[in-house]
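Data block for entry20.cif (mmCIF, C-alpha atoms and all ligand atoms):
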```cif
data_run
loop_
_atom_site.label_atom_id
_atom_site.label_comp_id
_atom_site.auth_asym_id
_atom_site.auth_seq_id
_atom_site.Cartn_x
_atom_site.Cartn_y
_atom_site.Cartn_z
CA MET T 1 9.52 -30.21 22.21
CA THR T 2 11.09 -26.73 22.27
CA VAL T 3 9.03 -23.53 22.27
CA GLY T 4 10.23 -20.03 21.53
CA PHE T 5 8.90 -16.59 20.67
CA ILE T 6 10.01 -13.42 18.99
CA GLY T 7 8.15 -10.20 19.73
CA GLY T 8 8.02 -6.85 18.03
CA LYS T 9 5.98 -3.97 16.73
CA PHE T 10 6.81 -4.64 13.07
CA LEU T 11 6.18 -0.98 12.24
CA PRO T 12 6.68 -1.78 9.38
CA LEU T 13 7.67 -5.40 8.76
CA HIS T 14 11.03 -5.45 6.91
CA LEU T 15 13.50 -8.05 5.67
CA GLY T 16 15.52 -7.82 8.92
CA HIS T 17 12.42 -9.04 10.78
CA VAL T 18 11.94 -11.73 8.15
CA TYR T 19 15.53 -12.84 8.66
CA ALA T 20 15.06 -13.01 12.44
CA ILE T 21 11.73 -14.89 12.21
CA VAL T 22 12.93 -17.42 9.63
CA HIS T 23 16.15 -17.98 11.55
CA ALA T 24 14.30 -18.47 14.85
CA SER T 25 11.90 -20.90 13.16
CA THR T 26 14.82 -23.23 12.41
CA ILE T 27 15.85 -23.40 16.08
CA VAL T 28 12.63 -24.42 17.86
CA ASP T 29 9.84 -26.94 17.26
CA GLU T 30 7.21 -24.28 17.84
CA LEU T 31 7.72 -20.56 17.26
CA TYR T 32 5.33 -17.80 18.30
CA VAL T 33 5.61 -14.47 16.57
CA ILE T 34 4.09 -11.84 18.84
CA LEU T 35 2.76 -8.61 17.40
CA SER T 36 2.90 -6.18 20.30
CA HIS T 37 0.72 -3.20 19.44
CA SER T 38 -0.65 -0.14 21.15
CA GLU T 39 -2.41 2.46 19.05
CA LEU T 40 -1.30 5.29 21.34
CA ARG T 41 2.38 4.27 21.35
CA ASP T 42 2.51 3.30 17.69
CA ARG T 43 0.91 6.58 16.60
CA GLU T 44 3.48 8.45 18.71
CA LEU T 45 6.29 6.51 17.03
CA CYS T 46 5.03 7.55 13.61
CA GLN T 47 4.46 11.19 14.53
CA ASP T 48 6.82 13.61 12.72
CA THR T 49 8.24 10.76 10.63
CA LYS T 50 7.77 9.94 6.96
CA MET T 51 5.41 7.08 7.74
CA ASN T 52 1.76 7.14 8.75
CA TYR T 53 0.51 4.95 11.59
CA ILE T 54 -0.15 1.38 10.41
CA PRO T 55 -3.17 -0.29 12.09
CA ALA T 56 -2.56 -3.59 13.89
CA PRO T 57 -4.69 -5.77 11.53
CA ILE T 58 -2.45 -4.75 8.62
CA ARG T 59 0.72 -5.73 10.50
CA LEU T 60 -0.89 -8.95 11.68
CA ARG T 61 -1.86 -9.76 8.12
CA TRP T 62 1.76 -9.28 6.95
CA LEU T 63 2.95 -11.72 9.64
CA SER T 64 0.20 -14.13 8.61
CA GLN T 65 1.28 -13.92 4.96
CA LEU T 66 4.91 -14.46 5.92
CA THR T 67 4.23 -17.57 8.00
CA LYS T 68 1.24 -19.13 6.21
CA ASP T 69 3.31 -22.04 4.89
CA MET T 70 5.24 -22.54 8.16
CA PRO T 71 2.96 -24.88 10.17
CA HIS T 72 5.08 -24.73 13.33
CA VAL T 73 5.02 -20.91 13.41
CA LYS T 74 2.02 -19.18 14.99
CA VAL T 75 1.23 -15.48 15.03
CA ILE T 76 -0.29 -13.88 18.13
CA SER T 77 -1.54 -10.34 18.59
CA ILE T 78 -1.17 -8.60 21.95
CA GLU T 79 -2.52 -5.15 22.72
CA ASP T 80 -0.44 -3.22 25.24
CA GLN T 81 -2.38 0.06 25.56
CA GLN T 82 0.74 1.92 26.64
CA ASP T 83 2.63 4.96 25.46
CA ASN T 84 6.17 4.95 24.20
CA ASP T 85 7.97 5.90 27.41
CA ASN T 86 6.19 3.66 29.86
CA TYR T 87 6.21 0.16 28.44
CA ASP T 88 5.66 -2.26 31.30
CA TRP T 89 7.79 -5.28 30.33
CA ALA T 90 6.55 -7.40 33.25
CA GLU T 91 2.91 -6.87 32.32
CA GLY T 92 3.77 -7.57 28.68
CA ALA T 93 5.51 -10.81 29.70
CA GLN T 94 2.40 -11.92 31.64
CA LEU T 95 0.25 -11.42 28.55
CA ILE T 96 2.74 -13.25 26.32
CA LYS T 97 3.04 -16.21 28.72
CA GLY T 98 -0.75 -16.36 29.05
CA LYS T 99 -1.30 -16.43 25.28
CA ILE T 100 1.43 -19.01 24.60
CA GLY T 101 0.17 -21.13 27.50
CA LYS T 102 3.18 -23.48 27.71
CA PRO T 103 6.76 -23.35 28.99
CA ILE T 104 8.99 -21.09 26.90
CA ASP T 105 12.52 -22.32 26.12
CA TYR T 106 13.78 -19.54 23.88
CA VAL T 107 13.20 -15.81 23.57
CA PHE T 108 14.58 -14.44 20.31
CA SER T 109 15.64 -10.91 19.46
CA SER T 110 18.55 -9.04 17.92
CA GLU T 111 18.90 -6.68 20.91
CA ILE T 112 21.77 -7.23 23.36
CA GLN T 113 20.18 -4.67 25.70
CA TYR T 114 17.20 -7.03 26.23
CA ASN T 115 19.52 -9.59 27.95
CA ASP T 116 18.81 -8.48 31.51
CA ILE T 117 15.09 -7.88 30.97
CA PHE T 118 14.56 -11.33 29.46
CA LYS T 119 16.72 -13.02 32.16
CA GLU T 120 14.45 -11.56 34.81
CA LEU T 121 11.12 -12.11 33.03
CA TYR T 122 11.87 -15.51 31.50
CA PRO T 123 14.34 -17.13 33.97
CA ASN T 124 13.87 -20.58 32.41
CA ALA T 125 14.37 -19.45 28.84
CA LYS T 126 17.49 -18.74 26.84
CA HIS T 127 17.72 -15.34 25.17
CA LYS T 128 18.98 -16.23 21.70
CA LEU T 129 20.39 -13.27 19.83
CA ILE T 130 19.94 -13.26 16.09
CA ASP T 131 22.37 -11.08 14.18
CA PRO T 132 22.78 -8.41 16.90
CA MET T 133 25.06 -6.35 14.63
CA ARG T 134 22.36 -6.41 11.94
CA SER T 135 25.06 -7.29 9.45
CA GLN T 136 22.91 -9.69 7.39
CA VAL T 137 20.09 -7.23 6.79
CA THR T 138 21.26 -3.73 7.58
CA ILE T 139 17.99 -2.00 8.36
CA SER T 140 15.78 -1.02 11.27
CA ALA T 141 12.10 -0.04 11.39
CA THR T 142 13.11 3.28 13.00
CA THR T 143 15.24 4.15 9.95
CA ILE T 144 12.37 3.26 7.62
CA ARG T 145 9.96 5.44 9.61
CA THR T 146 12.40 8.35 9.75
CA GLU T 147 13.60 8.28 6.15
CA GLY T 148 10.53 6.91 4.43
CA VAL T 149 9.64 3.54 3.02
CA PHE T 150 10.56 4.44 -0.58
CA LYS T 151 14.16 5.17 0.38
CA HIS T 152 14.48 1.61 1.74
CA TRP T 153 12.19 -0.18 -0.72
CA GLU T 154 14.69 -3.02 -1.20
CA PHE T 155 14.15 -4.01 2.46
CA ILE T 156 10.37 -4.19 2.14
CA PRO T 157 9.01 -7.72 1.52
CA ASP T 158 6.99 -8.25 -1.69
CA PHE T 159 3.75 -8.84 0.19
CA VAL T 160 4.19 -5.66 2.29
CA ARG T 161 4.92 -3.35 -0.66
CA PRO T 162 1.34 -3.08 -2.02
CA TYR T 163 0.22 -1.35 1.20
CA PHE T 164 2.60 1.53 0.48
CA VAL T 165 2.09 1.84 -3.27
CA LYS T 166 0.95 5.33 -4.31
CA LYS T 167 -1.86 5.41 -6.84
CA ILE T 168 -1.64 8.10 -9.48
CA VAL T 169 -4.66 8.55 -11.72
CA VAL T 170 -4.80 10.30 -15.06
CA VAL T 171 -8.13 11.61 -16.27
CA GLY T 172 -9.42 13.54 -19.25
CA THR T 173 -11.88 13.31 -22.08
CA GLU T 174 -11.44 11.45 -25.38
CA SER T 175 -8.15 11.65 -27.23
CA CYS T 176 -6.29 13.80 -24.73
CA GLY T 177 -3.16 11.61 -24.72
CA LYS T 178 -3.89 9.68 -21.50
CA SER T 179 -2.96 6.19 -22.57
CA THR T 180 0.33 7.26 -24.17
CA LEU T 181 1.29 9.35 -21.13
CA ILE T 182 0.45 6.50 -18.76
CA ARG T 183 2.45 3.94 -20.73
CA ASN T 184 5.41 6.33 -20.87
CA LEU T 185 5.25 7.05 -17.14
CA ALA T 186 5.04 3.35 -16.28
CA LYS T 187 8.16 2.78 -18.41
CA LEU T 188 10.05 5.66 -16.82
CA TYR T 189 9.18 4.60 -13.26
CA ASN T 190 9.66 0.88 -14.05
CA THR T 191 6.23 -0.01 -12.76
CA THR T 192 2.77 -1.24 -13.65
CA TYR T 193 -0.25 0.63 -14.98
CA VAL T 194 -3.97 0.07 -15.39
CA ALA T 195 -5.35 0.70 -18.86
CA GLU T 196 -8.79 2.25 -19.28
CA TYR T 197 -11.24 -0.58 -18.70
CA GLY T 198 -14.04 1.11 -20.66
CA ARG T 199 -11.90 0.74 -23.74
CA THR T 200 -11.42 -2.95 -23.11
CA LEU T 201 -15.18 -3.43 -22.84
CA CYS T 202 -15.90 -1.36 -25.97
CA GLU T 203 -13.37 -3.40 -27.90
CA GLU T 204 -15.18 -6.55 -26.77
CA LEU T 205 -18.51 -5.06 -27.90
CA GLY T 206 -17.07 -3.90 -31.22
CA GLY T 207 -17.70 -0.23 -30.39
CA CYS T 208 -19.56 1.88 -27.84
CA ASP T 209 -21.66 4.46 -29.69
CA GLY T 210 -25.36 3.74 -29.09
CA ILE T 211 -24.87 0.22 -27.74
CA MET T 212 -23.92 0.86 -24.10
CA VAL T 213 -26.45 -0.04 -21.41
CA LYS T 214 -26.60 1.09 -17.79
CA GLU T 215 -24.95 -2.07 -16.44
CA ASP T 216 -21.95 -1.62 -18.74
CA TYR T 217 -20.76 1.35 -16.70
CA GLN T 218 -21.00 -0.71 -13.52
CA ARG T 219 -19.03 -3.49 -15.21
CA ILE T 220 -16.42 -0.93 -16.21
CA ALA T 221 -16.12 0.42 -12.65
CA TYR T 222 -15.87 -3.07 -11.08
CA GLY T 223 -13.56 -4.41 -13.78
CA HIS T 224 -11.35 -1.37 -13.45
CA LYS T 225 -11.12 -1.80 -9.65
CA MET T 226 -10.06 -5.44 -10.05
CA GLU T 227 -7.36 -4.42 -12.55
CA GLU T 228 -6.15 -1.83 -10.02
CA PHE T 229 -5.79 -4.49 -7.30
CA LYS T 230 -3.77 -6.67 -9.70
CA ALA T 231 -1.50 -3.83 -10.82
CA ILE T 232 -0.83 -2.73 -7.22
CA GLU T 233 0.38 -6.25 -6.33
CA LYS T 234 3.20 -5.93 -8.85
CA ALA T 235 3.86 -2.18 -8.65
CA ASN T 236 7.18 -0.56 -7.91
CA LYS T 237 6.32 2.27 -5.46
CA ILE T 238 3.75 3.84 -7.82
CA VAL T 239 0.97 2.56 -10.02
CA PHE T 240 -0.43 4.62 -12.89
CA ILE T 241 -4.14 4.44 -13.49
CA ASP T 242 -6.01 5.48 -16.62
CA THR T 243 -9.47 6.79 -15.65
CA GLU T 244 -11.64 6.06 -12.61
CA ALA T 245 -15.24 5.99 -11.39
CA ILE T 246 -16.01 9.73 -11.75
CA VAL T 247 -15.04 9.58 -15.42
CA THR T 248 -17.18 6.46 -15.80
CA GLN T 249 -20.05 8.45 -14.28
CA PHE T 250 -19.33 11.23 -16.76
CA TYR T 251 -19.73 8.77 -19.68
CA SER T 252 -22.85 7.25 -18.14
CA ASN T 253 -24.29 10.79 -18.12
CA LEU T 254 -23.00 11.60 -21.59
CA TYR T 255 -24.06 8.49 -23.50
CA ASN T 256 -26.99 7.18 -21.46
CA ASP T 257 -28.21 10.23 -19.55
CA GLU T 258 -27.98 8.18 -16.34
CA HIS T 259 -26.43 9.32 -13.06
CA GLN T 260 -25.61 6.16 -11.14
CA ALA T 261 -25.35 6.20 -7.32
CA ILE T 262 -23.16 3.09 -7.35
CA LEU T 263 -20.48 4.96 -9.32
CA ASP T 264 -20.51 7.78 -6.76
CA GLU T 265 -20.07 5.20 -4.01
CA ILE T 266 -17.08 3.64 -5.78
CA ALA T 267 -15.64 7.13 -6.29
CA LYS T 268 -15.86 7.74 -2.53
CA LEU T 269 -13.63 4.71 -1.88
CA GLN T 270 -10.88 5.95 -4.18
CA ASP T 271 -7.70 7.13 -2.48
CA TYR T 272 -5.44 8.40 -5.22
CA ALA T 273 -2.29 10.21 -4.14
CA LEU T 274 -2.31 12.42 -7.24
CA TRP T 275 -4.83 13.31 -9.94
CA LEU T 276 -3.51 14.50 -13.30
CA PHE T 277 -6.05 16.12 -15.61
CA LEU T 278 -5.16 16.25 -19.30
CA GLU T 279 -6.55 19.13 -21.33
CA PRO T 280 -7.76 18.05 -24.79
CA ASP T 281 -5.42 20.48 -26.56
CA VAL T 282 -3.56 17.85 -28.56
CA LYS T 283 -4.69 16.71 -32.01
CA TRP T 284 -7.85 14.56 -31.99
CA VAL T 285 -7.03 11.02 -33.11
CA ASP T 286 -9.83 8.87 -34.51
CA ASP T 287 -9.13 5.36 -33.26
CA GLY T 288 -12.50 3.94 -34.28
CA LEU T 289 -13.96 4.05 -30.74
CA ARG T 290 -14.22 7.82 -30.31
CA VAL T 291 -17.31 9.86 -31.08
CA HIS T 292 -16.89 13.45 -29.89
CA GLY T 293 -14.16 14.84 -32.15
CA GLU T 294 -15.69 18.22 -32.95
CA GLU T 295 -13.80 21.08 -31.24
CA SER T 296 -16.89 22.53 -29.53
CA ALA T 297 -17.98 19.09 -28.25
CA ARG T 298 -14.46 18.40 -26.98
CA GLU T 299 -14.37 21.64 -25.02
CA GLN T 300 -17.89 21.21 -23.67
CA ASN T 301 -17.13 17.67 -22.46
CA ASN T 302 -13.91 18.89 -20.93
CA GLN T 303 -15.80 21.49 -18.89
CA HIS T 304 -18.41 18.93 -17.81
CA LEU T 305 -15.75 16.57 -16.55
CA LYS T 306 -14.02 19.33 -14.60
CA THR T 307 -17.35 20.32 -13.03
CA LEU T 308 -17.99 16.73 -12.01
CA LEU T 309 -14.52 16.38 -10.45
CA ASN T 310 -15.01 19.64 -8.57
CA LYS T 311 -18.34 18.38 -7.25
CA HIS T 312 -16.43 15.45 -5.78
CA HIS T 313 -13.89 17.90 -4.26
CA ILE T 314 -11.04 16.43 -6.29
CA ASP T 315 -7.84 18.46 -6.21
CA PHE T 316 -6.45 17.77 -9.68
CA ARG T 317 -3.34 19.06 -11.44
CA VAL T 318 -3.90 20.22 -15.01
CA LEU T 319 -1.46 19.22 -17.75
CA ASN T 320 -1.50 20.86 -21.17
CA GLY T 321 0.69 21.88 -24.06
CA ASN T 322 2.69 19.54 -26.24
CA TYR T 323 3.54 15.95 -25.32
CA GLU T 324 7.00 16.84 -24.05
CA ASN T 325 5.61 19.54 -21.77
CA ARG T 326 2.93 17.21 -20.38
CA LEU T 327 5.48 14.55 -19.57
CA LYS T 328 7.82 17.05 -17.87
CA GLU T 329 5.03 18.54 -15.76
CA ALA T 330 3.67 15.11 -14.83
CA ILE T 331 7.14 14.06 -13.61
CA GLN T 332 7.44 17.18 -11.47
CA TYR T 333 4.16 16.41 -9.71
CA ILE T 334 5.00 12.71 -9.32
CA GLU T 335 8.41 13.42 -7.77
CA LYS T 336 6.67 15.30 -4.95
CA VAL T 337 4.44 12.30 -4.24
CA VAL T 338 7.24 9.72 -4.04
CA GLN T 339 9.67 11.70 -1.91
N1 LIG P 1 7.23 -8.02 27.44
C1 LIG P 1 7.98 -8.84 26.77
O1 LIG P 1 8.42 -9.87 27.31
C2 LIG P 1 8.33 -8.58 25.36
C3 LIG P 1 9.27 -9.37 24.72
C4 LIG P 1 9.58 -9.09 23.39
C5 LIG P 1 8.96 -8.05 22.73
N2 LIG P 1 8.06 -7.29 23.37
C6 LIG P 1 7.36 -6.18 22.68
O2 LIG P 1 8.01 -5.94 21.45
C7 LIG P 1 8.61 -4.65 21.44
C8 LIG P 1 10.04 -4.78 21.01
O3 LIG P 1 10.01 -4.64 19.74
P1 LIG P 1 11.21 -4.00 18.94
O4 LIG P 1 10.99 -2.55 18.90
O5 LIG P 1 12.48 -4.57 19.39
O6 LIG P 1 10.67 -4.69 17.67
P2 LIG P 1 10.82 -4.51 16.15
O7 LIG P 1 9.46 -4.63 15.62
O8 LIG P 1 11.65 -3.38 15.77
O9 LIG P 1 11.64 -5.88 15.85
C9 LIG P 1 11.12 -7.14 16.08
C10 LIG P 1 12.24 -8.14 16.28
O10 LIG P 1 13.09 -8.20 15.12
C11 LIG P 1 14.43 -7.94 15.47
N3 LIG P 1 15.08 -7.18 14.38
C12 LIG P 1 14.78 -5.93 13.97
N4 LIG P 1 15.56 -5.57 12.93
C13 LIG P 1 16.35 -6.62 12.66
C14 LIG P 1 17.39 -6.86 11.70
N5 LIG P 1 17.74 -5.93 10.80
N6 LIG P 1 18.01 -8.05 11.71
C15 LIG P 1 17.65 -8.99 12.61
N7 LIG P 1 16.69 -8.84 13.55
C16 LIG P 1 16.05 -7.66 13.58
C17 LIG P 1 14.35 -7.13 16.75
O11 LIG P 1 15.50 -7.27 17.55
C18 LIG P 1 13.16 -7.74 17.43
O12 LIG P 1 13.53 -8.90 18.11
C19 LIG P 1 8.57 -4.12 22.85
O13 LIG P 1 8.44 -2.73 22.89
C20 LIG P 1 7.39 -4.85 23.41
O14 LIG P 1 6.24 -4.11 23.05
C21 LIG P 1 7.73 -7.54 24.66
#
```
Mind converting the file's structure to structure tokens?
Amino acid sequence: MTVGFIGGKFLPLHLGHVYAIVHASTIVDELYVILSHSELRDRELCQDTKMNYIPAPIRLRWLSQLTKDMPHVKVISIEDQQDNDNYDWAEGAQLIKGKIGKPIDYVFSSEIQYNDIFKELYPNAKHKLIDPMRSQVTISATTIRTEGVFKHWEFIPDFVRPYFVKKIVVVGTESCGKSTLIRNLAKLYNTTYVAEYGRTLCEELGGCDGIMVKEDYQRIAYGHKMEEFKAIEKANKIVFIDTEAIVTQFYSNLYNDEHQAILDEIAKLQDYALWLFLEPDVKWVDDGLRVHGEESAREQNNQHLKTLLNKHHIDFRVLNGNYENRLKEAIQYIEKVVQ
């Protein structure tokens, strides 16, 4: 039985790594994929780049997802606790040998410069180079960190992409043009969106005026969150989201006079990259589910929502004017987020 391993930081995991791992898996009977991580070193590597530090459990999870249907491939995590300039290869090799716990026949990498190191540390193993010119998959993790993940999106595996997706939320009171703007943006950016879940529930109930109970707002917040998870899985760099937990709280206050702690807690977990606030200065459209069409009520609700967002320290960008202007301004803000 032949045993081999391939080690790396996978910061982040890209299709070049996938190529090397899959290739190596066809050469040995048992392959170990070693995630070598050190918070100190890995943070240093991400400093002054376009990528934030990625915690080890996230990288381990990507490797687990990649290899879950490869029974002869095992993923191992090894913490080095070293900085970037002083990696002790011999100590690292001791840890790797200890974790694998059996004779190693092959060490895989795509780095010619590792030849001498591996010869010394693994004298009984063959250093098998996989695509040292990187001609099959022309990317490196350093390039991705330096230039940003969005610039090299085509090299990011499907199951890694959701981690990097930026969430952009659009909020506003009734009939402010949210759903149209969100659908248009999703079309323009060729990505997914999450429709307002409160609407879905009201459609199921046959309306919302006077028939909403306290639990409905919780259902809306949970249901909305689940839709977000689904949309992120399929998103292309960005996902557009119509409404969130603070707006749900606003409606719980407005219709039921109930401030719900659970909605505040959900709001605290939200990590949107951009908040777009739509002013209700477009024509009010009665779609059968709306109840606050009067100009004074519209303006009062608008102010209440802004106050609530401010209480949560939300830094939102206001969009107003005609539909063309809103779209243009939204795009300008979004471009800054996806750079
Ligand atoms: N002590 C040891 O014996 C030992 C051995 C191996 C690895 N390590 C650890 O792993 C780290 C090395 O990781 P790295 O920075 O080389 O890893 P990395 O995360 O950048 O890459 C992981 C592996 O994929 C290969 N690879 C990367 N891009 C590729 C592409 N486009 N096509 C094909 N293959 C590609 C690399 O050569 C490497 O073998 C070391 O710093 C150390 O922490 C230690």
To one decimal in Å, tell me the separation between CA of Leu205 in chain T and CA of Leu278 in chain T. 26.6 Å
Which of T:Gly4, T:Gly92, T:Gly172, T:Pro157 sits closest to ligand LIG 1 (chain P) [using all atoms listed in the file]: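 Nearest to ligand LIG 1 (chain P): T:Gly92.
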Record the distance separating CA of Leu188 in chain T and CA of Ala235 in chain T, expressed in Å with one decimal.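 It comes out at 12.9 Å.
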Listed atoms of ligand LIG 1 (chain P), axis-aligned box, 8 Å per side: centre and edge lengths to one decimal in Å, as AutoDock Vina command-line options?
```
--center_x 12.1 --center_y -6.2 --center_z 19.1 --size_x 27.8 --size_y 23.3 --size_z 32.6
```
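We find CA of Leu121 in chain T and CA of Lys97 in chain T to be spaced 10.0 Å apart.
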Selection as a ChimeraX atom specification: residues within 6 Å of ligand LIG 1 (chain P) by only C-alpha atoms and all ligand atoms: /T:6-11,16-17,19-20,36,89-90,92-93,109-111,130-131,134,137-141
Kindly provide the residues of range 209-230 of chain T that approach range 253-269 of chain T to within 10 Å, each paired with its closest atom pair and their distance in Å to one decimal, based on only C-alpha atoms, listed by chain and increasing number, as a Markdown table.
```
| residue | atom | partner | partner_atom | distance |
| --- | --- | --- | --- | --- |
| T:Asp209 | CA | T:Tyr255 | CA | 7.8 |
| T:Gly210 | CA | T:Tyr255 | CA | 7.4 |
| T:Ile211 | CA | T:Tyr255 | CA | 9.3 |
| T:Met212 | CA | T:Asn256 | CA | 7.5 |
| T:Val213 | CA | T:Asn256 | CA | 7.2 |
| T:Lys214 | CA | T:Asn256 | CA | 7.1 |
| T:Glu215 | CA | T:Gln260 | CA | 9.8 |
| T:Tyr217 | CA | T:Leu263 | CA | 8.2 |
| T:Gln218 | CA | T:Leu263 | CA | 7.1 |
| T:Ile220 | CA | T:Leu263 | CA | 9.9 |
| T:Ala221 | CA | T:Leu263 | CA | 7.1 |
| T:Tyr222 | CA | T:Ile266 | CA | 8.6 |
| T:Lys225 | CA | T:Ile266 | CA | 8.9 |
```
What would the file look like if the residues just selected were written as a PDB file, keeping the file's coordinate frame with C-alpha atoms?
```pdb
ATOM      1  CA  ASP T 209     -21.660   4.460 -29.690  1.00  0.00           C
ATOM      2  CA  GLY T 210     -25.360   3.740 -29.090  1.00  0.00           C
ATOM      3  CA  ILE T 211     -24.870   0.220 -27.740  1.00  0.00           C
ATOM      4  CA  MET T 212     -23.920   0.860 -24.100  1.00  0.00           C
ATOM      5  CA  VAL T 213     -26.450  -0.040 -21.410  1.00  0.00           C
ATOM      6  CA  LYS T 214     -26.600   1.090 -17.790  1.00  0.00           C
ATOM      7  CA  GLU T 215     -24.950  -2.070 -16.440  1.00  0.00           C
ATOM      8  CA  TYR T 217     -20.760   1.350 -16.700  1.00  0.00           C
ATOM      9  CA  GLN T 218     -21.000  -0.710 -13.520  1.00  0.00           C
ATOM     10  CA  ILE T 220     -16.420  -0.930 -16.210  1.00  0.00           C
ATOM     11  CA  ALA T 221     -16.120   0.420 -12.650  1.00  0.00           C
ATOM     12  CA  TYR T 222     -15.870  -3.070 -11.080  1.00  0.00           C
ATOM     13  CA  LYS T 225     -11.120  -1.800  -9.650  1.00  0.00           C
TER      14      LYS T 225
END
```
Could you make a table, as a tab-separated table, of the residues of range 183-219 of chain T that have an atom within 12 Å of an atom of range 319-328 of chain T, each with its nearest atom pair and distance in Å to one decimal, counting all atoms listed in the file, in chain and number order?
```
residue	atom	partner	partner_atom	distance
T:Arg183	CA	T:Leu327	CA	11.1
T:Asn184	CA	T:Leu327	CA	8.3
T:Leu185	CA	T:Leu327	CA	7.9
T:Ala186	CA	T:Leu327	CA	11.7
T:Leu188	CA	T:Leu327	CA	10.4
```
